[in-house]
Structure formats: C-alpha cells, structure tokens
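entry-v1.cif (mmCIF, C-alpha atoms) appears below.
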```
data_work
loop_
_atom_site.label_atom_id
_atom_site.label_comp_id
_atom_site.auth_asym_id
_atom_site.auth_seq_id
_atom_site.Cartn_x
_atom_site.Cartn_y
_atom_site.Cartn_z
CA MET M 1 -20.40 -0.95 33.80
CA LYS M 2 -21.15 -0.61 30.10
CA LEU M 3 -18.53 0.53 27.62
CA LYS M 4 -20.31 3.78 26.73
CA GLN M 5 -20.66 4.72 30.40
CA LEU M 6 -16.97 4.06 31.01
CA GLU M 7 -15.95 6.13 27.99
CA SER M 8 -18.22 8.98 29.11
CA LEU M 9 -16.68 9.09 32.60
CA LEU M 10 -13.15 9.07 31.21
CA GLY M 11 -14.06 11.84 28.78
CA ASP M 12 -14.56 14.25 31.69
CA LEU M 13 -10.98 13.89 32.98
CA GLN M 14 -8.53 16.78 32.82
CA GLN M 15 -5.76 16.48 30.22
CA PHE M 16 -2.24 17.91 29.94
CA SER M 17 -2.15 21.72 29.81
CA ASN M 18 1.63 21.84 29.36
CA PRO M 19 2.78 18.47 27.98
CA LYS M 20 6.49 17.62 27.85
CA ILE M 21 7.69 16.46 24.45
CA GLU M 22 10.82 14.83 25.89
CA LEU M 23 8.51 12.43 27.75
CA GLU M 24 6.30 11.99 24.67
CA GLN M 25 3.28 13.06 26.69
CA TYR M 26 0.16 12.45 24.64
CA PRO M 27 -3.18 11.91 26.37
CA THR M 28 -4.74 8.46 26.09
CA GLY M 29 -8.19 9.36 24.77
CA PRO M 30 -11.33 7.99 26.44
CA HIS M 31 -12.21 5.95 23.33
CA ILE M 32 -9.00 3.92 23.40
CA ALA M 33 -8.64 3.81 27.19
CA SER M 34 -12.16 2.51 27.72
CA ARG M 35 -11.74 -0.21 25.11
CA LEU M 36 -8.39 -1.33 26.47
CA LEU M 37 -9.69 -1.83 30.00
CA TYR M 38 -13.12 -3.09 28.95
CA THR M 39 -11.49 -5.77 26.79
CA ALA M 40 -9.07 -6.72 29.56
CA GLU M 41 -11.96 -7.23 31.96
CA ASN M 42 -14.75 -8.63 29.82
CA SER M 43 -12.68 -10.88 27.56
CA PHE M 44 -10.03 -12.05 30.02
CA GLY M 45 -11.08 -11.14 33.57
CA ASP M 46 -7.81 -9.29 34.18
CA VAL M 47 -9.16 -6.20 36.02
CA SER M 48 -11.96 -6.84 38.53
CA ASN M 49 -10.62 -7.86 41.97
CA LYS M 50 -7.06 -7.65 40.62
CA VAL M 51 -4.07 -5.50 41.50
CA VAL M 52 -3.54 -3.34 38.42
CA ALA M 53 -0.51 -1.13 37.69
CA ASP M 54 -0.63 1.77 35.24
CA PHE M 55 2.87 2.40 33.87
CA GLY M 56 3.56 5.96 32.74
CA CYS M 57 0.13 6.96 33.95
CA GLY M 58 0.18 10.55 32.64
CA CYS M 59 -3.25 12.03 33.36
CA GLY M 60 -4.29 8.76 35.00
CA THR M 61 -6.87 7.67 32.44
CA LEU M 62 -6.00 3.97 32.30
CA GLY M 63 -5.70 3.68 36.07
CA ALA M 64 -9.04 5.42 36.53
CA ALA M 65 -10.65 3.03 34.07
CA ALA M 66 -9.24 0.06 35.98
CA ALA M 67 -10.61 1.41 39.26
CA LEU M 68 -14.02 2.05 37.70
CA LEU M 69 -14.11 -1.56 36.50
CA GLY M 70 -13.59 -2.91 39.99
CA ALA M 71 -9.85 -3.40 40.40
CA GLU M 72 -8.96 -4.40 43.97
CA GLN M 73 -6.09 -1.91 43.94
CA VAL M 74 -4.60 0.44 41.36
CA LEU M 75 -0.97 1.58 41.40
CA ALA M 76 -0.09 4.41 39.02
CA PHE M 77 3.53 5.18 38.14
CA ASP M 78 5.01 8.20 36.38
CA ILE M 79 8.32 10.05 36.32
CA ASP M 80 6.65 13.47 36.05
CA THR M 81 5.44 15.25 39.19
CA GLU M 82 2.95 17.44 37.33
CA SER M 83 1.38 14.40 35.68
CA LEU M 84 0.95 12.69 39.03
CA GLU M 85 -0.69 15.80 40.51
CA LEU M 86 -3.12 15.95 37.57
CA ALA M 87 -3.84 12.22 37.76
CA SER M 88 -4.47 12.54 41.50
CA GLU M 89 -6.95 15.36 40.89
CA ASN M 90 -8.73 13.23 38.29
CA ALA M 91 -8.95 10.32 40.73
CA GLU M 92 -10.38 12.59 43.43
CA GLU M 93 -12.95 13.96 41.00
CA LEU M 94 -14.23 10.43 40.37
CA GLU M 95 -13.82 9.48 44.05
CA LEU M 96 -11.37 6.71 43.18
CA ASP M 97 -8.72 5.30 45.52
CA ILE M 98 -5.50 5.09 43.48
CA ASN M 99 -1.94 4.91 44.82
CA PHE M 100 0.49 7.16 42.92
CA VAL M 101 4.23 6.50 42.73
CA GLN M 102 6.87 8.76 41.21
CA CYS M 103 9.62 6.80 39.50
CA ASP M 104 11.36 6.13 36.20
CA ILE M 105 9.78 2.91 34.93
CA ARG M 106 13.04 1.94 33.25
CA ASN M 107 14.75 1.83 36.67
CA LEU M 108 11.89 0.18 38.54
CA VAL M 109 12.94 -2.71 40.74
CA TRP M 110 9.69 -4.06 42.10
CA ARG M 111 9.80 -5.92 45.40
CA GLY M 112 6.32 -4.98 46.55
CA GLN M 113 3.09 -6.89 46.47
CA ILE M 114 2.05 -9.08 43.57
CA VAL M 115 0.80 -7.10 40.59
CA ASP M 116 -1.66 -9.09 38.50
CA THR M 117 -2.04 -6.84 35.47
CA VAL M 118 -0.05 -3.97 33.95
CA VAL M 119 -1.81 -1.52 31.61
CA MET M 120 0.08 1.16 29.74
CA ASN M 121 0.33 3.55 26.84
CA PRO M 122 4.12 3.76 26.73
CA PRO M 123 6.16 6.34 24.80
CA PHE M 124 6.22 5.28 21.15
CA GLY M 125 10.00 5.68 21.10
CA THR M 126 10.10 8.49 18.55
CA ARG M 127 12.05 10.82 20.88
CA LYS M 128 14.00 8.21 22.80
CA LYS M 129 14.58 5.17 20.63
CA GLY M 130 13.58 1.99 22.41
CA ALA M 131 11.54 3.69 25.16
CA ASP M 132 8.50 1.58 24.25
CA MET M 133 10.53 -1.61 24.59
CA ASP M 134 12.00 -0.50 27.92
CA PHE M 135 8.47 -0.18 29.31
CA LEU M 136 7.42 -3.57 27.91
CA CYS M 137 10.49 -5.31 29.32
CA VAL M 138 9.79 -4.07 32.87
CA ALA M 139 6.04 -4.67 32.59
CA LEU M 140 6.59 -8.33 31.75
CA GLN M 141 8.85 -8.67 34.78
CA VAL M 142 6.32 -7.09 37.13
CA ALA M 143 2.98 -8.51 35.93
CA SER M 144 2.00 -11.97 37.13
CA GLN M 145 -0.93 -12.45 34.74
CA ALA M 146 -0.98 -10.07 31.79
CA VAL M 147 0.25 -6.85 30.22
CA TYR M 148 -1.97 -4.67 28.03
CA SER M 149 -0.12 -2.11 25.96
CA LEU M 150 -0.45 0.17 22.93
CA HIS M 151 2.23 0.18 20.24
CA LYS M 152 2.40 1.66 16.75
CA THR M 153 1.08 -0.84 14.21
CA SER M 154 4.18 -0.22 12.09
CA THR M 155 6.28 -1.84 14.85
CA ARG M 156 4.13 -5.01 15.14
CA ASP M 157 6.74 -7.55 14.01
CA HIS M 158 9.45 -5.99 16.15
CA VAL M 159 7.24 -5.88 19.25
CA ARG M 160 6.18 -9.53 18.89
CA ARG M 161 9.73 -10.72 18.32
CA ALA M 162 11.15 -8.78 21.27
CA ALA M 163 8.37 -9.88 23.65
CA LEU M 164 8.67 -13.59 22.86
CA ARG M 165 12.42 -13.80 22.37
CA ASP M 166 13.84 -11.25 24.79
CA PHE M 167 11.24 -10.33 27.41
CA ASN M 168 10.01 -13.73 28.59
CA ALA M 169 6.48 -13.54 27.18
CA SER M 170 4.67 -16.79 26.48
CA ILE M 171 1.90 -15.04 24.53
CA ALA M 172 2.07 -11.85 22.46
CA GLU M 173 -1.28 -11.23 20.82
CA VAL M 174 -2.69 -8.24 18.95
CA LEU M 175 -6.30 -7.94 20.13
CA CYS M 176 -7.27 -5.19 17.71
CA GLU M 177 -6.00 -2.23 15.71
CA LEU M 178 -7.15 1.22 16.84
CA GLN M 179 -6.76 4.80 15.71
CA PHE M 180 -4.83 6.94 18.21
CA ASP M 181 -5.81 10.58 17.70
CA VAL M 182 -2.94 12.93 18.46
CA PRO M 183 -4.11 16.56 18.94
CA GLN M 184 -1.99 19.58 18.07
CA LEU M 185 -0.05 19.80 21.32
CA TYR M 186 3.43 20.92 20.30
CA LYS M 187 4.85 23.73 18.17
CA PHE M 188 6.16 21.35 15.51
CA HIS M 189 2.67 19.91 14.94
CA LYS M 190 1.42 21.32 11.64
CA LYS M 191 -2.04 19.73 11.69
CA LYS M 192 -4.82 20.13 14.23
CA GLU M 193 -5.00 16.38 14.68
CA VAL M 194 -3.20 13.32 13.36
CA SER M 195 -4.46 9.76 13.56
CA ILE M 196 -1.89 7.01 14.17
CA ALA M 197 -2.63 3.31 13.75
CA VAL M 198 -1.84 1.48 17.01
CA ASP M 199 -2.15 -2.13 18.12
CA LEU M 200 -3.74 -3.14 21.40
CA TRP M 201 -1.56 -5.96 22.66
CA ARG M 202 -2.04 -8.57 25.35
CA PHE M 203 1.13 -10.20 26.65
CA VAL M 204 1.34 -13.07 29.12
CA PRO M 205 4.57 -13.68 31.05
CA LYS M 206 6.04 -17.20 30.98
CA ARG M 207 6.05 -17.53 34.75
CA ASN M 208 2.51 -17.11 35.98
CA GLN M 209 3.58 -16.07 39.45
CA GLY M 210 4.24 -12.66 40.87
CA ASN M 211 7.51 -12.94 42.71
CA GLY M 212 8.65 -9.48 41.71
CA LEU M 213 12.10 -8.69 40.39
#
```

Please rewrite the model in this file as structure tokens.
Amino acid sequence: MKLKQLESLLGDLQQFSNPKIELEQYPTGPHIASRLLYTAENSFGDVSNKVVADFGCGCGTLGAAAALLGAEQVLAFDIDTESLELASENAEELELDINFVQCDIRNLVWRGQIVDTVVMNPPFGTRKKGADMDFLCVALQVASQAVYSLHKTSTRDHVRRAALRDFNASIAEVLCELQFDVPQLYKFHKKKEVSIAVDLWRFVPKRNQGNGL
C-alpha cells in the first residue's frame, strides 16, 4: 500500500467528539499516523506479519494503520471506554480485525503472547507529569523488537537519556521531526489550531526476545 493511500484511508476515521483533557486526548492525524507506520514497515520491516500493540489507542488510528499494512495481529489498549468504542467502530468501517483491551497502560503486566512492535502517541505529560515516560517504560518491557513513539521535540534529550539509562533500550533514534497539529478541542484553547514539533522515535529493547513482564 502506498503512503498516500494509507493516509487517505486514515483520514476517513471518526475522531473524538467529546475528548477528555485529563487523559490528554488529542487525535493522531492521518498525516503523522501514516508516516509512523509506513516508516516502521518500509524502513525496518516491523509491521507486516508482526504482532503490533497500539498503546493508548484513542480513536484507533495507529492500530488501523498497522492492520492496513499487513500486521498479523493488532492489539489496541486504552483506559477509556468511549475511546475503545469509537476505535472499534473505525475498525469495523475498514473491515479490520483488531483486538481491543481496556486497561491503564501504566499498570499493564503483560503475560500474553509475544508482541513484536509497540506503536503509540502517548500523553505528552503536560497534565500528568511523566505520563509520556510511563508509557515508554512499559512499551520497552512489552515489545520484543521495537517501539515507535511520538514525543515533543523539546524533550528530546530527556527521552533519549531515560530510554537508554533507565528503560533498557539499546537504541533510541529520532527518525524525523514532524508537526503535530492540535485542533481547538478544549475551552482553554485560544487558537483554532496549534502546531507542535514532535519527534518520531524508534527504540529497540536490549533483550530481543518477547518473554513478557
């Protein structure tokens, strides 16, 4: 599947109608989502025929992209019931087989099947300090091959240091810098849209084996 086709399909998905600020719910736009998964597959072979987990799936955009690119199985996790219902509707619309799991990622103790790749757009940590790092810590424990994640460019040094020193990553690489467009979703938003510089990261865990937690 070509990048433009993938982005077009993702652009038709439903987005949050009543987002929750305490969960930092911002939709992952089709532009960024398509590039994240397309890069993971075409540059590294981390999607097709792999078990892919989408952490904090929200509307299910990243998980849908993984399924469209030929993932063997997609597992989508979120703490919010409404998000999971919306993501499930989006999957049905595209006739995709995705398994949805309600849980708090920070408390996830994974003893299930081997997960090859984790993809995620975690909370940036502006409401709950450290939320982004909580997601990354768990992702690097669950993934056997790679973790793809979006983090604010302003946190680049901190993210690299934490991943390599504290979270057992052997590789922490910024693949590219992207513009994350945040629409006017909440009452405190003064502008119709704000663009935030984010890094697309690829992390590789030190142990290249999926023996869970």

| request: Using the chain letters and numbering of this document, enumerate as a ChimeraX atom specification the residues selected by the PyMOL selection byres ((chain M and resi 200-204) around 7). | output: /M:145-151,169-177,198-199,205-206

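Within 8 Å of the point (-7.5, 14.0, 31.1) in file coordinates, and counting all atoms listed in the file, lie the residues Leu10, Gly11, Asp12, Leu13, Gln14, Gln15, Phe16, Pro27, Thr28, Gly29, Cys59, Gly60, Thr61, Ala87 and Asn90 of chain M.
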
Emit the selected residues as a CSV table (one decimal), in the coordinates of the input, including C-alpha atoms.
```
chain,number,residue,atom,x,y,z
M,10,LEU,CA,-13.2,9.1,31.2
M,11,GLY,CA,-14.1,11.8,28.8
M,12,ASP,CA,-14.6,14.2,31.7
M,13,LEU,CA,-11.0,13.9,33.0
M,14,GLN,CA,-8.5,16.8,32.8
M,15,GLN,CA,-5.8,16.5,30.2
M,16,PHE,CA,-2.2,17.9,29.9
M,27,PRO,CA,-3.2,11.9,26.4
M,28,THR,CA,-4.7,8.5,26.1
M,29,GLY,CA,-8.2,9.4,24.8
M,59,CYS,CA,-3.2,12.0,33.4
M,60,GLY,CA,-4.3,8.8,35.0
M,61,THR,CA,-6.9,7.7,32.4
M,87,ALA,CA,-3.8,12.2,37.8
M,90,ASN,CA,-8.7,13.2,38.3
```

| Taking only C-alpha atoms into account, which of M:Ile98, M:Val51, M:Leu69, M:Ala163 comes nearest Lys2 (chain M)? | M:Leu69

| task | Anything within 8 Å of (12.9, 1.2, 30.4): list those residues as a PyMOL selection string, counting all atoms listed in the file and sticking to the file's coordinates. | result | chain M and resi 104-107+131-138

What would the file look like if the residues just selected were written as an mmCIF file, in the coordinates of the input with C-alpha atoms?
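Produced file selection21.cif, reproduced below:
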```cif
data_model
loop_
_atom_site.group_PDB
_atom_site.id
_atom_site.type_symbol
_atom_site.label_atom_id
_atom_site.label_comp_id
_atom_site.auth_asym_id
_atom_site.auth_seq_id
_atom_site.Cartn_x
_atom_site.Cartn_y
_atom_site.Cartn_z
ATOM 1 C CA ASP M 104 11.360 6.130 36.200
ATOM 2 C CA ILE M 105 9.780 2.910 34.930
ATOM 3 C CA ARG M 106 13.040 1.940 33.250
ATOM 4 C CA ASN M 107 14.750 1.830 36.670
ATOM 5 C CA ALA M 131 11.540 3.690 25.160
ATOM 6 C CA ASP M 132 8.500 1.580 24.250
ATOM 7 C CA MET M 133 10.530 -1.610 24.590
ATOM 8 C CA ASP M 134 12.000 -0.500 27.920
ATOM 9 C CA PHE M 135 8.470 -0.180 29.310
ATOM 10 C CA LEU M 136 7.420 -3.570 27.910
ATOM 11 C CA CYS M 137 10.490 -5.310 29.320
ATOM 12 C CA VAL M 138 9.790 -4.070 32.870
#
```

| said: I need the output of the PyMOL selection byres ((chain M and resi 48) around 9) for this file as a PyMOL selection string; which residues are they? | reply: chain M and resi 41+45-47+49-51+66-67+69-72

6 Å per side around region 57-74 of chain M: axis-aligned box centre and edge lengths, as JSON:
```
{"center_x": -7.0, "center_y": 3.8, "center_z": 38.1, "size_x": 26.3, "size_y": 28.4, "size_z": 23.7}
```

| said: Please enumerate the residues selected by the PyMOL selection byres ((chain M and resi 62) around 10) when evaluated against the supplied file, formatted as an MDAnalysis selection string. | reply: chainID M and resid 10 28:30 32:34 36:37 52:61 63:68 74 76 119:121

| message | Can you measure CA of Leu84 (chain M) to CA of Thr155 (chain M) for me? One decimal in Å is fine. | response | 28.7 Å

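Among the candidates M:Ala143, M:Ile196, M:Leu9, M:Met1, the one nearest to Gln113 (chain M) when counting all atoms listed in the file is M:Ala143.
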
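Proximity of M:Phe124, M:Val109, M:Asp97, M:Phe77 to Val159 (chain M), computed with only C-alpha atoms, is greatest for M:Phe124.
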
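CA of Leu86 (chain M) is positioned 27.5 Å from CA of Gln141 (chain M).
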
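CA of Pro123 (chain M) to CA of Leu108 (chain M) spans 16.1 Å [interatomic distance, one decimal].
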
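Considering the residues M:His158, M:Gln5, M:Leu140, M:Val101 and counting all atoms listed in the file, Asp116 (chain M) has its shortest atom-to-atom contact with M:Leu140.
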
| Minimum-distance residue to Leu6 (chain M), chosen among M:Arg35, M:Arg207, M:Arg160, M:Arg111 (using all atoms listed in the file) | M:Arg35

Can region 44-68 of chain M be brought up to N, CA, C and O atoms and written out as a compact mmCIF listing (two decimals), in the coordinates of the input?
```txt
# COMPACT_ATOMS: atom_id res chain seq x y z
N PHE M 44 -11.05 -11.25 29.34
CA PHE M 44 -10.03 -12.05 30.02
C PHE M 44 -10.12 -12.03 31.54
O PHE M 44 -9.40 -12.78 32.21
N GLY M 45 -10.96 -11.19 32.12
CA GLY M 45 -11.08 -11.14 33.57
C GLY M 45 -9.83 -10.66 34.27
O GLY M 45 -9.51 -11.11 35.38
N ASP M 46 -9.10 -9.72 33.65
CA ASP M 46 -7.81 -9.29 34.18
C ASP M 46 -7.86 -7.98 34.98
O ASP M 46 -6.81 -7.41 35.30
N VAL M 47 -9.07 -7.49 35.32
CA VAL M 47 -9.16 -6.20 36.02
C VAL M 47 -9.90 -6.32 37.35
O VAL M 47 -9.37 -5.97 38.41
N SER M 48 -11.13 -6.76 37.33
CA SER M 48 -11.96 -6.84 38.53
C SER M 48 -11.31 -7.72 39.60
O SER M 48 -10.86 -8.83 39.31
N ASN M 49 -11.22 -7.16 40.82
CA ASN M 49 -10.62 -7.86 41.97
C ASN M 49 -9.14 -8.19 41.77
O ASN M 49 -8.61 -9.08 42.42
N LYS M 50 -8.48 -7.45 40.87
CA LYS M 50 -7.06 -7.65 40.62
C LYS M 50 -6.27 -6.42 41.07
O LYS M 50 -6.82 -5.33 41.20
N VAL M 51 -4.98 -6.62 41.28
CA VAL M 51 -4.07 -5.50 41.50
C VAL M 51 -3.54 -5.07 40.14
O VAL M 51 -2.90 -5.86 39.44
N VAL M 52 -3.87 -3.83 39.76
CA VAL M 52 -3.54 -3.34 38.42
C VAL M 52 -2.55 -2.18 38.54
O VAL M 52 -2.74 -1.27 39.35
N ALA M 53 -1.49 -2.22 37.73
CA ALA M 53 -0.51 -1.13 37.69
C ALA M 53 -0.60 -0.41 36.36
O ALA M 53 -0.68 -1.04 35.30
N ASP M 54 -0.61 0.93 36.43
CA ASP M 54 -0.63 1.77 35.24
C ASP M 54 0.75 2.39 35.10
O ASP M 54 1.16 3.23 35.89
N PHE M 55 1.50 1.93 34.08
CA PHE M 55 2.87 2.40 33.87
C PHE M 55 2.87 3.64 32.99
O PHE M 55 2.31 3.64 31.90
N GLY M 56 3.55 4.70 33.47
CA GLY M 56 3.56 5.96 32.74
C GLY M 56 2.16 6.52 32.68
O GLY M 56 1.62 6.81 31.61
N CYS M 57 1.57 6.71 33.85
CA CYS M 57 0.13 6.96 33.95
C CYS M 57 -0.32 8.28 33.33
O CYS M 57 -1.49 8.43 32.97
N GLY M 58 0.60 9.27 33.22
CA GLY M 58 0.18 10.55 32.64
C GLY M 58 -0.97 11.15 33.41
O GLY M 58 -0.89 11.36 34.63
N CYS M 59 -2.07 11.42 32.73
CA CYS M 59 -3.25 12.03 33.36
C CYS M 59 -4.04 11.03 34.19
O CYS M 59 -5.03 11.40 34.83
N GLY M 60 -3.65 9.77 34.15
CA GLY M 60 -4.29 8.76 35.00
C GLY M 60 -5.50 8.08 34.40
O GLY M 60 -6.27 7.44 35.11
N THR M 61 -5.67 8.18 33.08
CA THR M 61 -6.87 7.67 32.44
C THR M 61 -7.00 6.15 32.55
O THR M 61 -8.07 5.63 32.89
N LEU M 62 -5.93 5.43 32.26
CA LEU M 62 -6.00 3.97 32.30
C LEU M 62 -6.22 3.47 33.72
O LEU M 62 -7.01 2.55 33.96
N GLY M 63 -5.52 4.07 34.68
CA GLY M 63 -5.70 3.68 36.07
C GLY M 63 -7.11 3.95 36.56
O GLY M 63 -7.70 3.14 37.28
N ALA M 64 -7.66 5.09 36.15
CA ALA M 64 -9.04 5.42 36.53
C ALA M 64 -10.01 4.40 35.96
O ALA M 64 -10.95 3.97 36.63
N ALA M 65 -9.78 4.02 34.71
CA ALA M 65 -10.65 3.03 34.07
C ALA M 65 -10.59 1.70 34.80
O ALA M 65 -11.62 1.04 35.00
N ALA M 66 -9.39 1.31 35.24
CA ALA M 66 -9.24 0.06 35.98
C ALA M 66 -10.01 0.11 37.30
O ALA M 66 -10.70 -0.84 37.68
N ALA M 67 -9.90 1.25 37.99
CA ALA M 67 -10.61 1.41 39.26
C ALA M 67 -12.12 1.38 39.05
O ALA M 67 -12.86 0.76 39.83
N LEU M 68 -12.58 2.02 37.99
CA LEU M 68 -14.02 2.05 37.70
C LEU M 68 -14.56 0.66 37.37
O LEU M 68 -15.74 0.38 37.59
```
